[in-house]
Amino acid sequence: MALLDIRDLTVTRPGAAPGAPPAPLLDGVSLTLDRGGALGLVGESGCGKSLTALAVMALLPAGLRAGGSVLLDGEDLLTASERRLCALRGRRMAMVFQEPMTALNPVRTIGDQVAEGPRHHLGLSRRAAREHARAVLDRVGLDPARVSPDSYPHALSGGQRQRAVIAIAVACGPALLIADEPTTALDVATQARILDLILDLVTDEGLALLMISHDLGVVAETARDMAVMYAGRIVETGPTARVLAAPRHPYTAGLMAARPQHDRGRPGQPLAAIPGVVPPPGARPPGCAFADRCARADAVCRTRPVLAGEPGGRHRAACHHPVEPPA
Amino acid sequence: MTEPALLAVRDVVRAYPLPRRHPLAPAGTVRAVAGVSLDLARGESLGIVGESGCGKSTLSRLVTALEPPDAGRVHIAGHDPNTLPRMALRRLRRRVQMVFQDPMGSLDPRWTVARIVAEPLAGLAPDVPRADRRARVAEALAAVGLGAEALDLYPHQVSGGQRQRIAIARALVTDPDLVVADEPVSALDVSVQAQVLNLFLDLRARRGLALLFVSHDLDVVRHVTERVLVMVHGHAVETGPTEAVLSRPAHPHTAALRAAVPRIEAAWEGRARARHAGAPPPPEDVRPGDGCVYRARCPWAVDHCARAVPTLEPVGPGRSAACFRAREVMGG
Amino acid sequence: MASPRRLSAAGWIGAAIAAVVILTALVSLVWTPHDPTVMDVANKLSGPGAAHPLGTDHFGRDTLSQLMVGARVSIAVSVVAVGLGVGLGVPLGLLAAARRGWIDEAVMRFNDLAFAFPALLTAVLITALLGPGAINAILAIGLFNIPVFARVARGAALPLWKRPFIQAARLAGRGRTRISLDHILPNIAGTLIVQATIQFALAILAEAGLSYLGLGSQPPEVSWGRMLNEAQTFLFLEPRLAVLPGLAIVLTVLGLNLLGDGLRDRLDPRLETGLETRREGG
Amino acid sequence: MAWFLVKRALALALTLLAASLLVFGVLEVLPGDPALLILGVNAREDTLAALRESMGLDQPALWRYLTWIGDLLRGRFADSLTYDVPVSELLLPRLAVSGPLALLSLTLAVALALPLGVLAAARRGRITDTAIMGASQIGIAVPNFWLGILLVLLFAVSLRWLPAGGFPGWDAGLGAGLAALLMPAVALALPQAAILTRVTRSAVLEVLGEDYMRTARAKGLSRGEALWRHGLRNAMIPVVTIMGLQFSFLLAGTIIIENVFNLPGVGRLVFQAISQRDLVVVRDVVVLLAATVGVVNFLVDLSYALLDPRLRHGAGAGSGRHG
């Protein structure tokens, strides 16, 4: 049984005006993640990748409704009681957020914030939790001798703060770690070190990782499998090496071609930009959501494509006219 | 007689006061830009790269005379904008315009596109008759690929990529010689970023525009600029032709920046990247005369780096780097 | 208008109440059931009836007519007092934000000074020094509004000065005054309007307080505060006289506050942010 | 931290200096000759001259200002013009009324507003929230003196539970004293509590939207635990600011309320002094009130430093993108 099994997850926002139909933000998202596995979720802003993470944590913003099922160890999180969810969050599943500047409480020390989870979930005494926090901080590269656990977040650099956020997430030894754009707000050298850390934790602690990023490179470096999201749907999924080496969905191919890649692109030459804009929720075409921007689209694309691929293969794309794999 | 360089910056310094720790503490300053020089000829493009806080944005504000330097000189077409009388400064400003990072924040939410794009004309070109302004604005919008239907929209009614196009149109409307772009695509999604980068390439090719392109993204800088300048803690540590500098760095920082960029090839080649050295010291800990500013996190650092300050020395055709071990860095 | 959002139900109720009060004040200019100053001792302290829908006071003056005229005084005093605050305070705040340096410091110190004197105490002082009366009450209340608007305008303008579109305007050759008027003022107008409704409500309360102390409008002028002042003598005899003008005040202030809240909800750009706004799409 | 407090203390001193100069200037210059004011326009010239001399009015203004401030700082007060006793003798017994009154109403306001504000925020959009917000909306609109009148009508006239006004003095016993202050305190407190409730609610709502609250929830804390452990302290910062400002309103409110309830307090003293043109009393009491407001705002600044470690450590917003 997979550790995380998301089946046909939908998230809808109530209609803007009374009587208006609710707008689907996530539309039939299915993903699985095995114990110790690493799954990358890529897409541009507004595609619903962060929403997927929040749905798994059962921390969706008020007013949004989720349908389908999210199974963690076979237990459906969408129907679990709030009490049960509180017992699972931080203990079995944990999350690292995008903005290290704001994800920490400015008026409490980092040691205090790391110790809170263990006290809550593991029933540690105040003193034991503090010791535990010191060890966890040390584990994420915040050596208590150099960076005091009694520091307040404002005294730390961005990278150090993100390490503290990671410490909070892994403090109770969760089975699933969700990282939502964990390095987007960081410099490239800091990003590399934080990715190092996340990979080390995944390997050493046997965590399963759901890595969410807009950056194909970050996913390539951290996840064995990946899924590409567009307009609230999964449009392509498969082993990362296969998907990136030979993308089948025109959107994935377009994303890759639009990157200025020094090894392949020719400086000064126009990049292959994807024309048009992502359709907003509520205004998505009934068939393939990418059809309006796609050069390969025809009349068939007005019906919705399903994820499909080679028989028995794990590389699948939701496209009526997939890009041919190179011979 | 040759005309003066379009842009000549000599040893500019810009320092900001630090908050005092107690009432009697000496008033500390942090030098955001600590003695940087650069030249830019008509039609040339120069990328400024570095991590956040390295001083690259401050440098762009010095070049556009949004801030005066504390020391050193900025010359635009032979004139120092910081000593010019107001009317002459306006004439000079027609030749240098800027594009900002945040496409929403750089457009007044309560103005229409037509008014936004026309503002530099109203402020800098009183000789352009009012009646001609709308035509000039439409022309500038056409140059960035927007139709006349955009004229009466408000910024919130257009997409992020279109907003950045509008900001570029505003920078073009006075027909400048130099456009300074401060992280113009870092807030945009990849597919939209490509559209805007193409626009910059196109404008350079068609208008002979000189471009000062500030970015943290090496791939982007490599794509749009001919020369590059790498900054650390307010210092220029390496400069030269973009392709040469980024493919064979002579300064350890350039090398580290390059090595840190996540690559999609890692998916099949495996993640073979050198582990990175320690965190950079906070900027206020880096004092001039303290040796090389980069040595605290430099894997190549030797004792000598703590005693002497490296200066930019030639390391190849049109290239220079501020590192005692530049030759070794280039070699391996 | 930037936002298509409609005013909330509470906002509409507030607007309606404010409209009714203003309308009443306007009607009182041309018509009241009785002359509010004419005494009719034969009918003094009579309860509500056909001739006097809300009864009469201890001099037999018609309470309804007095309330109508009182609305006029309240509104007039508040309009002028808030106008004074806006007219002087907003330019001062804009100037401080645009110039910073010693001008800013001076304006802020002036503000601290003004806030060090409790508003009503200042008003009491001024009216006591210059003599009681509606004009001096206006002056006293308006004077205190100046630092309020200066502070609000400065506070709203300061973060705007750091925004890129202001830097773009500077690159476009715009001077600080021009930027303050063309860019800053339109962008803080919403904040100022909301503050103005709040100050308007406070001014009505302050005028009532001063008149109640006998420092505001003087007889034979009629105002809600004066009515309360006079009613206190007959509190035990005729509570109606104390309750009615108070209700008029409460209703008016309530309406203005509801309107102000409604406007704030409508104008607050923070409420417009969507779900995932960190990166800009297409 | 030290620097921050020293700066605030300097600002306080500067404000007080300016305030005293202003009060002095206004009272000396604006109304003309104090002696004339006291004795009236029909007074004889030699009587006026004598009075001027006894008041030190023949001295240069700066000298008189310095003497006044110097005396004040040493706790020496000049004689009241109407009562012929030092202002301090008038002030002290009245402070014994106004001080407890202001304190009682502030306590009432805070005790009412904080729980209600937090409750409304936690129940946002539900019936509890709507009810609390509706009540506070009305509370803000009620003039405190009118509320005082209503309270008198209800509790003194109809129910006869409490005295309608006046103050028996603390000699009459704590109970009697508090009974006399209860209605005035409630009248002062309710409108302020209404404002504070709204401020608390919006501060808590603001905090609830912060990223670190989501971090706390992701840790496994329930909504209530997250609010209690991570939200309240951050939410208190704007609340304390408003409390500081409200103190000034409370002081001013005492002027009216003491008139409604006929209490012998400082507010009534100022009011009477102004109407009797007792400039010595006015001058001293107004400066004293301004000083109180200044000190309270200084305490507010001090509490910021306690609530927010960023201020305590004298650091601005971190630059921190570096690893």
# chains A, B, ... in the order shown; residues from 1 in each chain; ligands from 1
call {"tool": "residues_around", "arguments": {"residues": "stretch 181-190 of chain B", "least_positions_apart": "5", "cutoff": "7 Å", "atoms": "only C-alpha atoms", "output": "PyMOL selection string"}}
result
(chain A and resi 44-45+255+258-259) or (chain B and resi 57+60+98-102+161+212-215) or (chain C and resi 279-281)
call {"tool": "residues_around", "arguments": {"residues": "D:Arg217", "least_positions_apart": "5", "cutoff": "8 Å", "atoms": "only C-alpha atoms", "output": "list of chain:residue names"}}
result
A:Leu59, A:Cys86, A:Arg89, D:Ser222, D:Arg223, D:Ala226
call {"tool": "write_last_selection", "arguments": {"atoms": "N, CA, C and O atoms", "output": "compact mmCIF listing (two decimals), in the first residue's frame"}}
result
# COMPACT_ATOMS: atom_id res chain seq x y z
N LEU A 59 -5.38 21.57 5.50
CA LEU A 59 -5.29 22.96 5.95
C LEU A 59 -5.74 23.90 4.84
O LEU A 59 -5.20 24.99 4.66
N CYS A 86 -5.25 16.56 13.90
CA CYS A 86 -4.25 17.21 14.74
C CYS A 86 -3.22 16.20 15.22
O CYS A 86 -2.05 16.54 15.42
N ARG A 89 -0.99 15.58 11.86
CA ARG A 89 -0.16 16.69 11.39
C ARG A 89 1.06 16.83 12.30
O ARG A 89 0.92 16.86 13.52
N SER D 222 -4.19 22.43 17.49
CA SER D 222 -5.56 22.73 17.07
C SER D 222 -5.67 24.24 16.87
O SER D 222 -4.79 25.00 17.26
N ARG D 223 -6.78 24.63 16.26
CA ARG D 223 -7.00 26.05 16.01
C ARG D 223 -6.83 26.89 17.28
O ARG D 223 -6.14 27.89 17.30
N ALA D 226 -3.18 26.93 18.62
CA ALA D 226 -2.32 27.78 17.79
C ALA D 226 -2.58 29.25 18.10
O ALA D 226 -1.65 30.04 18.25
call {"tool": "atom_distance", "arguments": {"atom1": "atom CA of B:Trp268", "atom2": "atom CA of A:Pro239"}}
result
10.2 Å
call {"tool": "atom_distance", "arguments": {"atom1": "atom CA of B:Val9", "atom2": "atom CA of B:Arg90"}}
result
19.5 Å
call {"tool": "select_by_dssp", "arguments": {"residues": "stretch 7-74 of chain A", "states": "alpha helix (DSSP H)", "output": "list in words"}}
result
Lys49, Ser50, Leu51, Thr52, Ala53, Leu54, Ala55, Val56 and Met57 of chain A
call {"tool": "write_last_selection", "arguments": {"atoms": "N, CA and C atoms", "output": "compact mmCIF listing (two decimals), in the first residue's frame"}}
result
# COMPACT_ATOMS: atom_id res chain seq x y z
N LYS A 49 -0.72 23.48 -7.37
CA LYS A 49 0.20 22.56 -6.70
C LYS A 49 0.26 22.82 -5.19
N SER A 50 0.25 24.09 -4.79
CA SER A 50 0.25 24.39 -3.35
C SER A 50 -1.07 23.95 -2.71
N LEU A 51 -2.13 24.13 -3.46
CA LEU A 51 -3.45 23.74 -2.96
C LEU A 51 -3.50 22.23 -2.70
N THR A 52 -2.86 21.47 -3.58
CA THR A 52 -2.79 20.03 -3.39
C THR A 52 -2.11 19.72 -2.05
N ALA A 53 -1.00 20.42 -1.79
CA ALA A 53 -0.28 20.19 -0.53
C ALA A 53 -1.16 20.54 0.67
N LEU A 54 -1.85 21.67 0.58
CA LEU A 54 -2.70 22.07 1.71
C LEU A 54 -3.86 21.10 1.88
N ALA A 55 -4.35 20.55 0.79
CA ALA A 55 -5.44 19.58 0.89
C ALA A 55 -4.94 18.32 1.62
N VAL A 56 -3.71 17.91 1.33
CA VAL A 56 -3.16 16.73 2.01
C VAL A 56 -3.03 17.01 3.50
N MET A 57 -2.57 18.22 3.84
CA MET A 57 -2.42 18.57 5.26
C MET A 57 -3.76 18.89 5.90
call {"tool": "interface_residues", "arguments": {"of": "chain A", "to": "chain B", "cutoff": "10 Å", "atoms": "only C-alpha atoms", "output": "VMD selection string"}}
result
chain A and resid 43 to 45 157 159 to 160 186 to 193 195 to 196 214 to 225 239 to 245 251 254 to 263 265 to 278
call {"tool": "atom_distance", "arguments": {"atom1": "atom CA of C:Asp265", "atom2": "atom CA of D:Ala189"}}
result
27.3 Å
call {"tool": "select_by_dssp", "arguments": {"residues": "stretch 104-265 of chain A", "states": "strand (DSSP E)", "output": "VMD selection string"}}
result
chain A and resid 176 to 180 208 to 213 225 to 230 233 to 239
call {"tool": "write_last_selection", "arguments": {"atoms": "C-alpha atoms", "output": "short mmCIF file (atom, residue, chain, number, x, y, z; two decimals), in the first residue's frame"}}
result
data_model
loop_
_atom_site.label_atom_id
_atom_site.label_comp_id
_atom_site.auth_asym_id
_atom_site.auth_seq_id
_atom_site.Cartn_x
_atom_site.Cartn_y
_atom_site.Cartn_z
CA LEU A 176 5.71 12.20 4.80
CA LEU A 177 7.44 15.52 4.23
CA ILE A 178 5.75 18.03 1.95
CA ALA A 179 8.07 20.82 0.77
CA ASP A 180 6.18 23.65 -0.93
CA ALA A 208 8.77 10.19 1.73
CA LEU A 209 9.10 13.55 -0.02
CA LEU A 210 6.51 15.52 -1.94
CA MET A 211 8.57 18.30 -3.54
CA ILE A 212 6.55 21.15 -4.98
CA SER A 213 8.35 23.61 -7.24
CA ASP A 225 9.11 10.63 -9.99
CA MET A 226 7.32 13.74 -11.05
CA ALA A 227 3.94 15.09 -12.05
CA VAL A 228 3.23 18.20 -14.10
CA MET A 229 0.17 20.26 -13.24
CA TYR A 230 -1.66 22.69 -15.44
CA ARG A 233 -5.10 19.00 -13.43
CA ILE A 234 -2.24 16.55 -13.72
CA VAL A 235 -1.20 16.63 -17.38
CA GLU A 236 1.85 14.37 -17.27
CA THR A 237 3.41 12.00 -14.79
CA GLY A 238 6.16 9.44 -14.72
CA PRO A 239 9.77 8.79 -13.73
#
call {"tool": "interface_residues", "arguments": {"of": "chain A", "to": "chain D", "cutoff": "9 Å", "atoms": "only C-alpha atoms", "output": "MDAnalysis selection string"}}
result
chainID A and resid 57 59 82:83 85:91 93:97 99 101:108 113 116:117 120:121 152:162 165 168:169 185:187 189:191 193:194
call {"tool": "residues_around", "arguments": {"residues": "stretch 306-309 of chain B", "least_positions_apart": "4", "cutoff": "12 Å", "atoms": "only C-alpha atoms", "output": "list of chain:residue names"}}
result
B:His235, B:Val237, B:Val286, B:Arg287, B:Pro288, B:Gly289, B:Asp290, B:Gly291, B:Cys292, B:Val293, B:Tyr294, B:Arg295, B:Ala296, B:Cys298, B:Ala301, B:Val302, B:Glu313, B:Ala322, B:Cys323, B:Phe324
call {"tool": "write_last_selection", "arguments": {"atoms": "C-alpha atoms", "output": "PDB file, in the first residue's frame"}}
result
ATOM      1  CA  HIS B 235      32.414  44.575  -4.828  1.00  0.00           C
ATOM      2  CA  VAL B 237      34.797  40.395  -8.411  1.00  0.00           C
ATOM      3  CA  VAL B 286      32.916  42.693   6.101  1.00  0.00           C
ATOM      4  CA  ARG B 287      35.137  45.713   6.516  1.00  0.00           C
ATOM      5  CA  PRO B 288      37.343  47.235   3.861  1.00  0.00           C
ATOM      6  CA  GLY B 289      41.006  46.428   4.224  1.00  0.00           C
ATOM      7  CA  ASP B 290      40.102  43.150   5.841  1.00  0.00           C
ATOM      8  CA  GLY B 291      41.351  41.037   2.997  1.00  0.00           C
ATOM      9  CA  CYS B 292      39.206  39.455   0.301  1.00  0.00           C
ATOM     10  CA  VAL B 293      35.472  39.917   0.956  1.00  0.00           C
ATOM     11  CA  TYR B 294      34.745  36.410  -0.253  1.00  0.00           C
ATOM     12  CA  ARG B 295      37.350  34.481   1.681  1.00  0.00           C
ATOM     13  CA  ALA B 296      35.042  33.454   4.551  1.00  0.00           C
ATOM     14  CA  CYS B 298      35.805  30.506  -0.408  1.00  0.00           C
ATOM     15  CA  ALA B 301      41.087  30.743   0.224  1.00  0.00           C
ATOM     16  CA  VAL B 302      44.689  30.801   1.451  1.00  0.00           C
ATOM     17  CA  GLU B 313      43.287  42.023 -12.784  1.00  0.00           C
ATOM     18  CA  ALA B 322      39.578  39.955  -8.333  1.00  0.00           C
ATOM     19  CA  CYS B 323      41.149  36.758  -7.047  1.00  0.00           C
ATOM     20  CA  PHE B 324      44.732  35.819  -6.243  1.00  0.00           C
TER      21      PHE B 324
END
call {"tool": "residues_around", "arguments": {"residues": "stretch 143-150 of chain C", "least_positions_apart": "3", "cutoff": "9 Å", "atoms": "only C-alpha atoms", "output": "PyMOL selection string"}}
result
chain C and resi 81-94+96+107-108+110-112+114-115+119-120+122-123+138-140+153-155+192+195-196+199+203
call {"tool": "closest_residue", "arguments": {"among": "A:Ala133, A:Leu78, A:Cys288, A:Ala66", "to": "A:Ala115", "atoms": "only C-alpha atoms"}}
result
A:Ala133
call {"tool": "closest_residue", "arguments": {"among": "C:Val20, C:Ile103, C:Val253, C:Ala134", "to": "chain D", "atoms": "only C-alpha atoms"}}
result
C:Val253
call {"tool": "closest_residue", "arguments": {"among": "C:Leu263, C:Leu215, C:Ile141, C:Ile188", "to": "chain D", "atoms": "only C-alpha atoms"}}
result
C:Leu215
call {"tool": "residues_around", "arguments": {"residues": "D:Leu108", "least_positions_apart": "4", "cutoff": "9 Å", "atoms": "only C-alpha atoms", "output": "list in words"}}
result
Leu103, Leu104, Leu112, Ala113, Ala185, Val186, Ala189, Leu190 and Ala193 of chain D
call {"tool": "interface_residues", "arguments": {"of": "chain D", "to": "chain C", "cutoff": "6 Å", "atoms": "only C-alpha atoms", "output": "count of residues only"}}
result
8
call {"tool": "closest_residue", "arguments": {"among": "B:Arg325, B:Arg297, B:Arg61, B:Arg94", "to": "chain D", "atoms": "only C-alpha atoms"}}
result
B:Arg297
call {"tool": "residues_around", "arguments": {"residues": "B:Leu121", "least_positions_apart": "4", "cutoff": "10 Å", "atoms": "only C-alpha atoms", "output": "PyMOL selection string"}}
result
(chain B and resi 94+115-117+125-130+133+136-137+170+173-175) or (chain C and resi 172-173)
call {"tool": "write_last_selection", "arguments": {"atoms": "N, CA, C and O atoms", "output": "PDB file, in the first residue's frame"}}
result
ATOM      1  N   ARG B  94      15.844  61.488 -20.350  1.00  0.00           N
ATOM      2  CA  ARG B  94      15.168  60.928 -21.515  1.00  0.00           C
ATOM      3  C   ARG B  94      16.006  59.798 -22.096  1.00  0.00           C
ATOM      4  O   ARG B  94      15.486  58.932 -22.785  1.00  0.00           O
ATOM      5  N   ARG B 115      -1.947  56.685 -19.461  1.00  0.00           N
ATOM      6  CA  ARG B 115      -1.356  57.728 -18.627  1.00  0.00           C
ATOM      7  C   ARG B 115      -0.007  57.273 -18.065  1.00  0.00           C
ATOM      8  O   ARG B 115       0.928  58.072 -17.970  1.00  0.00           O
ATOM      9  N   ILE B 116       0.065  55.990 -17.707  1.00  0.00           N
ATOM     10  CA  ILE B 116       1.320  55.452 -17.154  1.00  0.00           C
ATOM     11  C   ILE B 116       2.443  55.572 -18.176  1.00  0.00           C
ATOM     12  O   ILE B 116       3.533  56.074 -17.885  1.00  0.00           O
ATOM     13  N   VAL B 117       2.149  55.114 -19.400  1.00  0.00           N
ATOM     14  CA  VAL B 117       3.199  55.107 -20.406  1.00  0.00           C
ATOM     15  C   VAL B 117       3.564  56.532 -20.823  1.00  0.00           C
ATOM     16  O   VAL B 117       4.706  56.820 -21.182  1.00  0.00           O
ATOM     17  N   ALA B 125       9.719  65.400 -21.566  1.00  0.00           N
ATOM     18  CA  ALA B 125       9.733  65.892 -22.939  1.00  0.00           C
ATOM     19  C   ALA B 125       8.647  66.920 -23.166  1.00  0.00           C
ATOM     20  O   ALA B 125       7.663  66.659 -23.848  1.00  0.00           O
ATOM     21  N   PRO B 126       8.804  68.089 -22.553  1.00  0.00           N
ATOM     22  CA  PRO B 126       7.757  69.112 -22.715  1.00  0.00           C
ATOM     23  C   PRO B 126       7.624  69.562 -24.174  1.00  0.00           C
ATOM     24  O   PRO B 126       6.606  70.139 -24.536  1.00  0.00           O
ATOM     25  N   ASP B 127       8.649  69.252 -24.986  1.00  0.00           N
ATOM     26  CA  ASP B 127       8.591  69.685 -26.378  1.00  0.00           C
ATOM     27  C   ASP B 127       7.634  68.821 -27.199  1.00  0.00           C
ATOM     28  O   ASP B 127       7.200  69.227 -28.267  1.00  0.00           O
ATOM     29  N   VAL B 128       7.313  67.603 -26.686  1.00  0.00           N
ATOM     30  CA  VAL B 128       6.341  66.785 -27.418  1.00  0.00           C
ATOM     31  C   VAL B 128       4.948  67.324 -27.126  1.00  0.00           C
ATOM     32  O   VAL B 128       4.521  67.333 -25.979  1.00  0.00           O
ATOM     33  N   PRO B 129       4.240  67.786 -28.157  1.00  0.00           N
ATOM     34  CA  PRO B 129       2.916  68.369 -27.904  1.00  0.00           C
ATOM     35  C   PRO B 129       1.973  67.325 -27.325  1.00  0.00           C
ATOM     36  O   PRO B 129       2.079  66.146 -27.655  1.00  0.00           O
ATOM     37  N   ARG B 130       1.107  67.768 -26.470  1.00  0.00           N
ATOM     38  CA  ARG B 130       0.127  66.910 -25.838  1.00  0.00           C
ATOM     39  C   ARG B 130      -0.589  66.022 -26.864  1.00  0.00           C
ATOM     40  O   ARG B 130      -0.831  64.846 -26.632  1.00  0.00           O
ATOM     41  N   ARG B 133       1.170  62.921 -27.817  1.00  0.00           N
ATOM     42  CA  ARG B 133       1.545  61.953 -26.796  1.00  0.00           C
ATOM     43  C   ARG B 133       0.881  60.609 -27.008  1.00  0.00           C
ATOM     44  O   ARG B 133       1.520  59.574 -26.943  1.00  0.00           O
ATOM     45  N   ARG B 136       2.524  58.618 -29.580  1.00  0.00           N
ATOM     46  CA  ARG B 136       3.813  58.087 -29.129  1.00  0.00           C
ATOM     47  C   ARG B 136       3.617  56.906 -28.175  1.00  0.00           C
ATOM     48  O   ARG B 136       4.353  55.926 -28.232  1.00  0.00           O
ATOM     49  N   VAL B 137       2.588  57.030 -27.330  1.00  0.00           N
ATOM     50  CA  VAL B 137       2.301  55.958 -26.381  1.00  0.00           C
ATOM     51  C   VAL B 137       1.871  54.702 -27.125  1.00  0.00           C
ATOM     52  O   VAL B 137       2.355  53.600 -26.841  1.00  0.00           O
ATOM     53  N   ARG B 170       6.795  52.033 -21.099  1.00  0.00           N
ATOM     54  CA  ARG B 170       7.036  53.313 -20.434  1.00  0.00           C
ATOM     55  C   ARG B 170       8.507  53.694 -20.530  1.00  0.00           C
ATOM     56  O   ARG B 170       8.854  54.857 -20.734  1.00  0.00           O
ATOM     57  N   VAL B 173       9.327  55.039 -24.148  1.00  0.00           N
ATOM     58  CA  VAL B 173       8.541  56.083 -24.792  1.00  0.00           C
ATOM     59  C   VAL B 173       9.360  57.345 -25.072  1.00  0.00           C
ATOM     60  O   VAL B 173       9.077  58.090 -26.010  1.00  0.00           O
ATOM     61  N   THR B 174      10.422  57.577 -24.287  1.00  0.00           N
ATOM     62  CA  THR B 174      11.248  58.755 -24.562  1.00  0.00           C
ATOM     63  C   THR B 174      12.396  58.414 -25.504  1.00  0.00           C
ATOM     64  O   THR B 174      13.310  59.219 -25.685  1.00  0.00           O
ATOM     65  N   ASP B 175      12.341  57.217 -26.081  1.00  0.00           N
ATOM     66  CA  ASP B 175      13.376  56.783 -27.019  1.00  0.00           C
ATOM     67  C   ASP B 175      14.770  56.852 -26.386  1.00  0.00           C
ATOM     68  O   ASP B 175      15.662  57.535 -26.879  1.00  0.00           O
TER      69      ASP B 175
ATOM     70  N   ALA C 172      10.745  59.637 -14.432  1.00  0.00           N
ATOM     71  CA  ALA C 172      10.012  60.358 -15.470  1.00  0.00           C
ATOM     72  C   ALA C 172      10.094  61.859 -15.240  1.00  0.00           C
ATOM     73  O   ALA C 172       9.351  62.628 -15.851  1.00  0.00           O
ATOM     74  N   GLY C 173      10.953  62.281 -14.336  1.00  0.00           N
ATOM     75  CA  GLY C 173      11.185  63.704 -14.149  1.00  0.00           C
ATOM     76  C   GLY C 173      10.173  64.410 -13.272  1.00  0.00           C
ATOM     77  O   GLY C 173      10.108  65.638 -13.259  1.00  0.00           O
TER      78      GLY C 173
END
call {"tool": "closest_residue", "arguments": {"among": "B:Pro120, B:Pro109, B:Pro103, B:Pro310", "to": "chain C", "atoms": "only C-alpha atoms"}}
result
B:Pro120
